[in-house]
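In what follows, a single structure is set out as structure tokens and then discussed.
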Amino acid sequence: MFVVNEILHALQISFFMLWEVLWPLAFGFLLSAMVQTVVSKRAVAGALGRPDLKGFVLACGLGAASSSCSYAAVAVARSLLRRGASFVNAIIFEFASTNLVFELGLVLLILLGWQFVAAEFAGGLLMAVLLWILFKVTLRQRMVDEARRQADRGVLYTDLGLGFLIAGALAAWVPVSWWQAFFLTDHPALNEFWSPLIGPLISMLSFVCSVGNVPLAAVLWNGGISFGGVISFIFADLIILPILNIYRKYYGGRMSLYLLAVSYAAMALAGFLVGGAFQLLGLAPTNHQVTLLETQPTWNYTTFLNIAFLLLMAVLAWRFVTTGGIEMIRAHARRPQAGALLVRDPVCGMSVDPATATQHADFGGETYYFCSAGCRAAFVSDPARYTVRAAALVGQATHSGHQALPGQGGDMESTGTAIDPVCGMTVNTRTAEYRSFRGDETYYFCSAGCKQRFDKDPEKYLAPDQRGHPAH
């Protein structure tokens, strides 16, 4: 009976914390989804092509407007890298998209207070600068080339749930006195140095990332970790062991170890510096008691907002299911067969295999293929809106086992074109997914295969009679 009571106590604490931050999470993710709907990954990759100061600023800004899911951030960074973003900017984007996002600030504000919000964003920018400097000083082009080749070959709700469950278990089962001894609270000077060093290591072993780190941070703060230690702990969501394994698969073993080393150094140093600065300015809180760990839900503004956002989420989920959302997810998960002649869904831009596509429509003598019934319905309701963006890839029809089919793609109206230096296809520079940068020139490609061959041996394709032309 004692064990059952302790488990129920831990679950109760988890629910109390979740209830307090439910509406901020829903609100933040809704804003993030709206931004991602407007700004495509294709446009982001084009803006992050050069590892200069402008690229760094854009990586921070676009990352902050993106999703706070750590696993999604890693996948998006790899996608941006494959589409032409520089490796440095892709990683900066990844860290910004988990540490500078709106919903993280809201959850921190409710669970820990405004000081932690200010320190998180100030420290996040500082950590991005430190990472950028470390990359400039230590990253070699050979490692980047290997990572690109590996990238070309090679869930948030679970994170949140685990975060609240683990936080509840630690709050219920681990005595505060043990945490105080572990964080050396009897030695304040040592605590200020020790906490930022040990915070990222605790995060690594917790297997929890994204916003799910914040409830754990509240438990650690309640147990005596320093202000700077909390900040470095939250920063470390992108070096937990499962994500390090993803780095290994995406970029290779050596690059994953390199990312671990530079990330840990930047996180620990940023946490220490921000914690010290807030201490000197008298802004660091001194009360370590987190009352929300035991605060029961009541009929207050939090409850009413939670109910409102739960209803909104239910409506959006219903619309997603009834407009072909499930079918679209399945289409994304299906891998095309080798040698498949892919075309582009004119509504969402997804690559579709006509041989297996279940949704299609005819207009103006052309057949258009779609990833889902939702995209087909949008097209049928206003085909002129989407056909005006036809033919993202124009020119040669067939090469190297892939083919550009008519009636698919993006707008050619005054957007400029370029010649793929590998296969000779004419490519729309505004909608081209794959690009590389060499000196002051930008080269555009029709497919990942052409880009990979170019990156492997650029000089082979930069002969005078084969040189790709920049946008007209």
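Identifiers in the structure tokens: chain A, B, ... in order shown; residue index from 1 per chain; ligand index from 1 in order shown.
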
> If we count only C-alpha atoms, what is near A:Asn89 at a cut-off of 9 Å, once residues fewer than 2 positions away on the same chain are taken out, given as a PyMOL selection string?
Replying inline: chain A and resi 48-52+55-56+58-60+77+81+85-87+91-94+132

>> Run DSSP on the backbone and tell me which residues of stretch 242-368 of chain A come out as helix (DSSP H, G or I); list them as number ranges by chain.
In response: A: 242-251, 253-280, 291-294, 301-322, 325-333

>> Env of A:Ala377: 10 Å cut, atoms = only C-alpha atoms, seq-sep filter 6 positions within chain, self excluded. Answer as a list in words.
In response: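 Listed by chain and then number, they are Thr323, Gly324, Val347, Gln359, His360, Ala361, Phe370 and Pro383 of chain A.
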
Let me see the file: selected residues, C-alpha atoms, as a PDB file, in the first residue's frame.
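The file below, part.pdb, is the result:
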```pdb
ATOM      1  CA  THR A 323      -9.484  16.994 -44.036  1.00  0.00           C
ATOM      2  CA  GLY A 324      -7.098  14.133 -44.775  1.00  0.00           C
ATOM      3  CA  VAL A 347      -0.592  22.598 -52.851  1.00  0.00           C
ATOM      4  CA  GLN A 359      -5.285  11.410 -55.040  1.00  0.00           C
ATOM      5  CA  HIS A 360      -5.098  13.192 -58.380  1.00  0.00           C
ATOM      6  CA  ALA A 361      -7.029  15.728 -60.469  1.00  0.00           C
ATOM      7  CA  PHE A 370      -1.497  15.003 -54.259  1.00  0.00           C
ATOM      8  CA  PRO A 383      -7.041  25.287 -59.266  1.00  0.00           C
TER       9      PRO A 383
END
```

>> So that I can check the surroundings of A:Gly223, please list as a list in words every protein, DNA and RNA residue that reaches within 6 Å of it, counting only C-alpha atoms and ignoring chain neighbours fewer than 4 positions away.
In response: Val176, Trp179 and Gln180 of chain A

>> Taking 4 positions as the minimum chain separation for residues in the same chain, which residues sit within 9 Å of A:Glu192 when counting only C-alpha atoms? Answer as a ChimeraX atom specification.
In response: /A:187-188,196,225-229,272,275-276

> Near A:Asn245, within 12 Å and counting only C-alpha atoms, which residues show up once chain neighbours fewer than 5 positions away are dropped, as a PyMOL selection string?
Replying inline: chain A and resi 71+74+204+207+238-240+250-257+259-260

Selection file, N, CA and C atoms, as a CSV table (one decimal), in the first residue's frame:
```
chain,number,residue,atom,x,y,z
A,71,TYR,N,13.7,16.7,-30.9
A,71,TYR,CA,13.9,15.8,-32.0
A,71,TYR,C,13.5,16.4,-33.3
A,74,VAL,N,16.3,18.7,-34.4
A,74,VAL,CA,17.5,18.0,-35.0
A,74,VAL,C,17.2,17.6,-36.4
A,204,MET,N,21.7,15.2,-19.7
A,204,MET,CA,22.1,14.1,-20.6
A,204,MET,C,21.5,12.8,-20.1
A,207,PHE,N,17.3,11.8,-20.2
A,207,PHE,CA,16.6,11.3,-21.5
A,207,PHE,C,15.4,12.2,-21.8
A,238,LEU,N,19.7,19.3,-26.0
A,238,LEU,CA,20.1,18.8,-27.3
A,238,LEU,C,21.4,17.9,-27.2
A,239,ILE,N,21.8,17.5,-26.0
A,239,ILE,CA,22.9,16.6,-25.9
A,239,ILE,C,22.5,15.4,-25.0
A,240,ILE,N,21.2,15.1,-24.9
A,240,ILE,CA,20.8,13.9,-24.2
A,240,ILE,C,21.2,12.7,-25.0
A,250,TYR,N,23.2,10.8,-38.2
A,250,TYR,CA,23.0,11.9,-39.2
A,250,TYR,C,24.4,12.3,-39.8
A,251,TYR,N,25.4,12.5,-38.8
A,251,TYR,CA,26.6,13.2,-39.2
A,251,TYR,C,27.9,12.4,-39.0
A,252,GLY,N,27.7,11.2,-38.4
A,252,GLY,CA,28.9,10.4,-38.2
A,252,GLY,C,29.4,10.5,-36.7
A,253,GLY,N,30.2,9.4,-36.3
A,253,GLY,CA,30.6,9.4,-34.9
A,253,GLY,C,31.5,10.5,-34.5
A,254,ARG,N,32.4,10.9,-35.3
A,254,ARG,CA,33.4,12.0,-35.0
A,254,ARG,C,32.7,13.3,-34.8
A,255,MET,N,31.8,13.6,-35.7
A,255,MET,CA,31.0,14.9,-35.6
A,255,MET,C,30.1,14.9,-34.4
A,256,SER,N,29.5,13.7,-34.0
A,256,SER,CA,28.6,13.7,-32.9
A,256,SER,C,29.4,14.0,-31.6
A,257,LEU,N,30.6,13.4,-31.5
A,257,LEU,CA,31.5,13.7,-30.3
A,257,LEU,C,31.9,15.1,-30.3
A,259,LEU,N,30.2,17.7,-31.6
A,259,LEU,CA,29.0,18.5,-31.1
A,259,LEU,C,28.8,18.4,-29.6
A,260,LEU,N,29.0,17.2,-29.1
A,260,LEU,CA,28.9,17.0,-27.6
A,260,LEU,C,29.9,17.9,-26.9
```

> Residues at most 8 Å from A:Pro297, counting only C-alpha atoms, excluding those fewer than 3 positions away in the same chain, as a PyMOL selection string?
Replying inline: chain A and resi 16+19-20+303

> atom CA of A:Gly124 to atom CA of A:Leu111: how many Å, to one decimal?
Replying inline: 18.6 Å
